Amino acid sequence: MTRADIAVVAYTIAVNRGATTVDTIHVVLAVVQMYDNLIRDRISLAQVLDYVPPAHKTKTNPTFSEAAQFALDQLTDDDTTIAWLQQTYQRLVAGESIDITAPPAPPAPPAPPIPATPVRRSVTEIFADLDALIGLTTVKQAVREIVARQQAMSLLAARGTPAVFSKHLVFTGAPGTGKTTVARYVGELYAAINVLPTTSFIEVSRADLIGQFIGQTAPKVQEVVNQARGGVLFIDEAYALMPHHESDYGHEALSTLVQLMENYRDDLVVIMAGYRDEMRALINVNPGLRSRMTTYIDFPDYVPAELGQIFTNIIAHYGITLTPEALEYLTTQLGQVFTTGEYGNARYVRSLWEHAFTSMALREFVDGSYPADALRQLTCADIAYALTKLAAMPAPLRTLTSS
């Protein structure tokens with residue numbers, strides 16, 4: 001039996017008894033019922049009921065108490081669950097409280113000093129690289145607007161009339177549209193105009209921020225923020241932090257993050273990224289987050305011509321070309337894939353390149369070696385092989401392969 005099964009039974013018991021919260025005693029009753037055949041000679045339901053408050057007739061919609069959640073966290077397997085039941089029942093008989101919670105987390109150590117890393121490049125150099133990215137015209141313009149606004153704020157502050165605009169950003173769009181790449185450039189630009197002291201860039205996901213048990217989430221968020229201080233904390237697929245119920249640790253992660261964003265407002269920028277609708281829903285969950293994440297940059301999907309240019313840029317890096325027929329075939333096929341919606345933008349193109357290269361490598365591998373002029377040109381057959389491989393993959397993998 002799993003913790004989820006026990007939680008469901010404990011919740012049902014609490015509802016039927018008119019309780020406003022699911023407490024540890026309801027978890028005890030659930031375990032006794034579910035493990036009756038294993039523990040009936042030691043603990044019976046009737047014995048436990050002697051210590052349960054009277055039931056009420058009104059049905060309720062209870063929430064799990066912190067103590068009940070902590071109890072459930074301990075029930076990792078059958079042996080552990082039975083041992084926990086015996087110990088908890090002994091406390092009941094002795095008149096001791098069974099509503100135990102995790103000990104409070106030790107205070108976070110003082111934040112480490114921010115490393116004094118020099119700014120390596122000028123604003124002009126960084127914008128040159130940003131402009132070299134294929135497509136993303138509206139994104140490039142939005143980044144210029146943000147940089148101009150931050151520089152204007154510095155000028156107003158020097159005049160004695162400071163204005164405050166949030167530095168934190170929300171990037172919305174499908175996977176493979178350049179969000180991580182642009183976030184790195186934003187971090188560099190912020191450092192170049194002295195909005196941030198360093199070019200540090202830390203990328204994290206839900207697993208890096210949310211713990212499995214009570215008391216683990218806030219310290220994890222603090223640790224990640226300590227690492228990111230002085231630069232950018234980039235949270236990819238941030239919508240995964242969306243709490244789905246009251247006891248979801250996503251609430252704690254978001255609340256802790258908002259507090260730390262305030263504490264370190266002068267040396268931390270948070271950029272959250274993910275699908276458009278999901279990101280807007282996440283930001284609206286926490287009022288503090290909503291007031292700080294006010295600037296959205298939408299990353300459009302690449303059009304077929306841009307996807308083709310990305311592909312030719314990749315192969316040019318390795319000194320490889322396409323035959324004229326292969327280039328025409330690639331352009332046509334990317335257009336067809338685009339119209340079906342089953343493509344993964346730049347990630348799809350990188351996966352296409354990997355499979356096409358594999359086809360060329362296999363085709364030119366003769367007698368266990370390669371001629372000196374091998375691996376120079378992709379053909380229609382190589383592109384067709386790659387498209388067939390990608391078409392055979394499940395749809396989610398077609399969009400998420402190759403980061």
# chains A, B, ... in the order shown; residues from 1 in each chain; ligands from 1
>>> residues_around(residues="A:Tyr89", least_positions_apart="5", cutoff="9 Å", atoms="only C-alpha atoms", output="number ranges by chain")
A: 28, 43, 48, 84, 94, 98
>>> write_last_selection(atoms="C-alpha atoms", output="tab-separated table (two decimals), in the first residue's frame")
chain	number	residue	atom	x	y	z
A	28	VAL	CA	-3.78	6.09	12.49
A	43	ILE	CA	-3.95	-3.26	17.80
A	48	VAL	CA	-7.95	3.09	18.67
A	84	TRP	CA	5.09	3.87	13.05
A	94	ALA	CA	0.44	7.03	27.46
A	98	ILE	CA	0.66	12.23	18.51
>>> select_by_dssp(residues="stretch 180-216 of chain A", states="strand (DSSP E or B)", output="PyMOL selection string")
chain A and resi 201-204
>>> write_last_selection(atoms="N, CA and C atoms", output="PDB file, in the first residue's frame")
ATOM      1  N   PHE A 201      24.963  33.111 -13.937  1.00  0.00           N
ATOM      2  CA  PHE A 201      23.703  32.625 -14.512  1.00  0.00           C
ATOM      3  C   PHE A 201      23.460  31.220 -13.975  1.00  0.00           C
ATOM      4  N   ILE A 202      22.423  31.060 -13.162  1.00  0.00           N
ATOM      5  CA  ILE A 202      22.081  29.766 -12.577  1.00  0.00           C
ATOM      6  C   ILE A 202      20.738  29.318 -13.133  1.00  0.00           C
ATOM      7  N   GLU A 203      20.700  28.142 -13.760  1.00  0.00           N
ATOM      8  CA  GLU A 203      19.464  27.601 -14.331  1.00  0.00           C
ATOM      9  C   GLU A 203      18.947  26.463 -13.456  1.00  0.00           C
ATOM     10  N   VAL A 204      17.669  26.529 -13.066  1.00  0.00           N
ATOM     11  CA  VAL A 204      17.087  25.520 -12.192  1.00  0.00           C
ATOM     12  C   VAL A 204      15.702  25.140 -12.698  1.00  0.00           C
TER      13      VAL A 204
END
>>> closest_residue(among="A:Pro197, A:Gly173, A:Pro54, A:Gly288", to="A:Arg120", atoms="only C-alpha atoms")
A:Pro197
>>> residues_around(residues="A:Ala191", least_positions_apart="4", cutoff="10 Å", atoms="only C-alpha atoms", output="ChimeraX atom specification")
/A:117-123,185-187,195-200,230-232
>>> residues_around(residues="A:Arg17", least_positions_apart="2", cutoff="8 Å", atoms="only C-alpha atoms", output="list in words")
Ile13, Ala14, Val15, Ala19, Pro54, Ala55, His56, Lys57, Thr58 and Lys59 of chain A
>>> residues_around(residues="stretch 176-182 of chain A", least_positions_apart="5", cutoff="6 Å", atoms="only C-alpha atoms", output="mmCIF file with N, CA and C atoms, in the first residue's frame")
data_model
loop_
_atom_site.group_PDB
_atom_site.id
_atom_site.type_symbol
_atom_site.label_atom_id
_atom_site.label_comp_id
_atom_site.auth_asym_id
_atom_site.auth_seq_id
_atom_site.Cartn_x
_atom_site.Cartn_y
_atom_site.Cartn_z
ATOM 1 N N ASN A 345 10.689 23.499 -33.048
ATOM 2 C CA ASN A 345 11.519 24.676 -33.225
ATOM 3 C C ASN A 345 13.003 24.306 -33.297
ATOM 4 N N ALA A 346 13.853 25.078 -32.635
ATOM 5 C CA ALA A 346 15.291 24.847 -32.780
ATOM 6 C C ALA A 346 15.688 23.468 -32.284
ATOM 7 N N ARG A 347 15.010 22.968 -31.258
ATOM 8 C CA ARG A 347 15.338 21.627 -30.756
ATOM 9 C C ARG A 347 15.020 20.572 -31.802
#
>>> select_by_dssp(residues="stretch 162-312 of chain A", states="helix (DSSP H, G or I)", output="ChimeraX atom specification")
/A:179-192,206-209,217-228,238-241,250-263,276-283,287-292,304-312
>>> residues_around(residues="stretch 60-69 of chain A", least_positions_apart="4", cutoff="12 Å", atoms="only C-alpha atoms", output="short mmCIF file (atom, residue, chain, number, x, y, z; two decimals) with N, CA and C atoms, in the first residue's frame")
data_model
loop_
_atom_site.label_atom_id
_atom_site.label_comp_id
_atom_site.auth_asym_id
_atom_site.auth_seq_id
_atom_site.Cartn_x
_atom_site.Cartn_y
_atom_site.Cartn_z
N ARG A 3 1.59 5.60 0.30
CA ARG A 3 1.19 6.75 1.10
C ARG A 3 -0.06 7.41 0.53
N ALA A 4 -0.15 7.43 -0.81
CA ALA A 4 -1.31 8.04 -1.44
C ALA A 4 -2.59 7.29 -1.05
N ILE A 6 -3.09 5.56 1.70
CA ILE A 6 -3.38 5.85 3.11
C ILE A 6 -3.97 7.25 3.24
N ALA A 7 -3.44 8.19 2.48
CA ALA A 7 -3.94 9.56 2.55
C ALA A 7 -5.40 9.63 2.12
N VAL A 8 -5.76 8.88 1.08
CA VAL A 8 -7.15 8.88 0.61
C VAL A 8 -8.08 8.33 1.68
N ALA A 10 -7.50 8.18 4.95
CA ALA A 10 -7.51 9.12 6.08
C ALA A 10 -8.42 10.30 5.79
N TYR A 11 -8.38 10.80 4.57
CA TYR A 11 -9.25 11.91 4.17
C TYR A 11 -10.71 11.50 4.26
N THR A 12 -11.04 10.30 3.77
CA THR A 12 -12.43 9.82 3.81
C THR A 12 -12.92 9.68 5.25
N ILE A 13 -12.05 9.17 6.11
CA ILE A 13 -12.42 9.03 7.52
C ILE A 13 -12.71 10.40 8.13
N ALA A 14 -11.86 11.37 7.84
CA ALA A 14 -12.06 12.72 8.38
C ALA A 14 -13.37 13.33 7.89
N VAL A 15 -13.66 13.14 6.61
CA VAL A 15 -14.92 13.65 6.05
C VAL A 15 -16.12 13.02 6.74
N ASN A 16 -16.09 11.70 6.88
CA ASN A 16 -17.22 10.98 7.47
C ASN A 16 -17.41 11.31 8.95
N ARG A 17 -16.36 11.77 9.60
CA ARG A 17 -16.47 12.11 11.02
C ARG A 17 -16.69 13.61 11.24
N GLY A 18 -16.86 14.35 10.12
CA GLY A 18 -17.16 15.77 10.23
C GLY A 18 -15.99 16.60 10.71
N ALA A 19 -14.76 16.13 10.51
CA ALA A 19 -13.57 16.86 10.95
C ALA A 19 -13.24 17.97 9.96
N THR A 20 -12.75 19.07 10.47
CA THR A 20 -12.37 20.18 9.60
C THR A 20 -10.95 20.05 9.07
N THR A 21 -10.15 19.21 9.74
CA THR A 21 -8.80 18.93 9.25
C THR A 21 -8.53 17.43 9.34
N VAL A 22 -7.69 16.94 8.44
CA VAL A 22 -7.21 15.56 8.54
C VAL A 22 -6.03 15.59 9.49
N ASP A 23 -6.19 14.93 10.67
CA ASP A 23 -5.16 14.95 11.68
C ASP A 23 -4.46 13.60 11.76
N THR A 24 -3.44 13.52 12.61
CA THR A 24 -2.68 12.28 12.75
C THR A 24 -3.57 11.11 13.15
N ILE A 25 -4.58 11.36 13.99
CA ILE A 25 -5.45 10.27 14.44
C ILE A 25 -6.20 9.65 13.28
N HIS A 26 -6.52 10.45 12.27
CA HIS A 26 -7.20 9.90 11.08
C HIS A 26 -6.24 9.03 10.27
N VAL A 27 -4.96 9.41 10.25
CA VAL A 27 -3.95 8.57 9.59
C VAL A 27 -3.81 7.25 10.34
N VAL A 28 -3.85 7.31 11.68
CA VAL A 28 -3.78 6.09 12.49
C VAL A 28 -4.95 5.18 12.15
N LEU A 29 -6.16 5.72 12.12
CA LEU A 29 -7.34 4.91 11.80
C LEU A 29 -7.22 4.30 10.41
N ALA A 30 -6.71 5.08 9.46
CA ALA A 30 -6.55 4.56 8.09
C ALA A 30 -5.58 3.39 8.06
N ALA A 55 -17.66 11.78 16.55
CA ALA A 55 -17.92 12.19 15.17
C ALA A 55 -19.07 13.19 15.12
N HIS A 56 -19.07 14.03 14.08
CA HIS A 56 -20.15 14.98 13.83
C HIS A 56 -20.89 14.53 12.57
N ASP A 73 4.47 11.35 5.49
CA ASP A 73 5.82 11.34 4.91
C ASP A 73 6.69 10.22 5.47
N GLN A 74 6.35 9.75 6.68
CA GLN A 74 7.16 8.70 7.30
C GLN A 74 6.81 7.31 6.76
N LEU A 75 5.66 7.16 6.10
CA LEU A 75 5.16 5.83 5.74
C LEU A 75 5.71 5.42 4.37
N SER A 97 0.85 13.52 23.10
CA SER A 97 0.36 14.04 21.82
C SER A 97 0.97 13.23 20.68
N ILE A 98 0.15 12.94 19.69
CA ILE A 98 0.66 12.23 18.51
C ILE A 98 0.79 13.18 17.31
N ASP A 99 0.37 14.42 17.49
CA ASP A 99 0.46 15.40 16.40
C ASP A 99 1.85 16.02 16.38
N ILE A 100 2.78 15.26 15.79
CA ILE A 100 4.18 15.67 15.75
C ILE A 100 4.48 16.23 14.36
N THR A 101 5.22 17.30 14.33
CA THR A 101 5.65 17.87 13.04
C THR A 101 7.16 17.84 12.95
N ALA A 102 7.65 18.08 11.76
CA ALA A 102 9.10 18.08 11.55
C ALA A 102 9.72 19.20 12.37
N PRO A 103 10.88 18.97 12.92
CA PRO A 103 11.55 20.06 13.65
C PRO A 103 11.81 21.22 12.72
N GLN A 212 10.94 17.06 -0.78
CA GLN A 212 9.98 15.96 -0.71
C GLN A 212 9.22 15.95 0.61
N PHE A 213 9.79 16.57 1.64
CA PHE A 213 9.19 16.51 2.95
C PHE A 213 9.07 17.91 3.55
N ILE A 214 8.28 18.01 4.58
CA ILE A 214 8.09 19.27 5.29
C ILE A 214 9.44 19.79 5.78
N GLY A 215 9.65 21.07 5.60
CA GLY A 215 10.87 21.69 6.09
C GLY A 215 12.03 21.69 5.12
N HIS A 245 -2.72 21.76 -4.70
CA HIS A 245 -3.57 21.63 -3.52
C HIS A 245 -2.90 22.36 -2.37
N GLU A 246 -3.61 22.50 -1.26
CA GLU A 246 -3.13 23.33 -0.16
C GLU A 246 -1.82 22.83 0.43
N SER A 247 -1.61 21.50 0.42
CA SER A 247 -0.39 20.96 1.02
C SER A 247 0.74 20.79 0.02
N ASP A 248 0.53 21.28 -1.21
CA ASP A 248 1.59 21.22 -2.22
C ASP A 248 2.70 22.18 -1.81
N TYR A 249 3.94 21.70 -1.83
CA TYR A 249 5.06 22.53 -1.40
C TYR A 249 5.37 23.66 -2.38
#
>>> closest_residue(among="A:Tyr51, A:Ala374, A:Arg276, A:Val170", to="A:Gly319", atoms="only C-alpha atoms")
A:Ala374
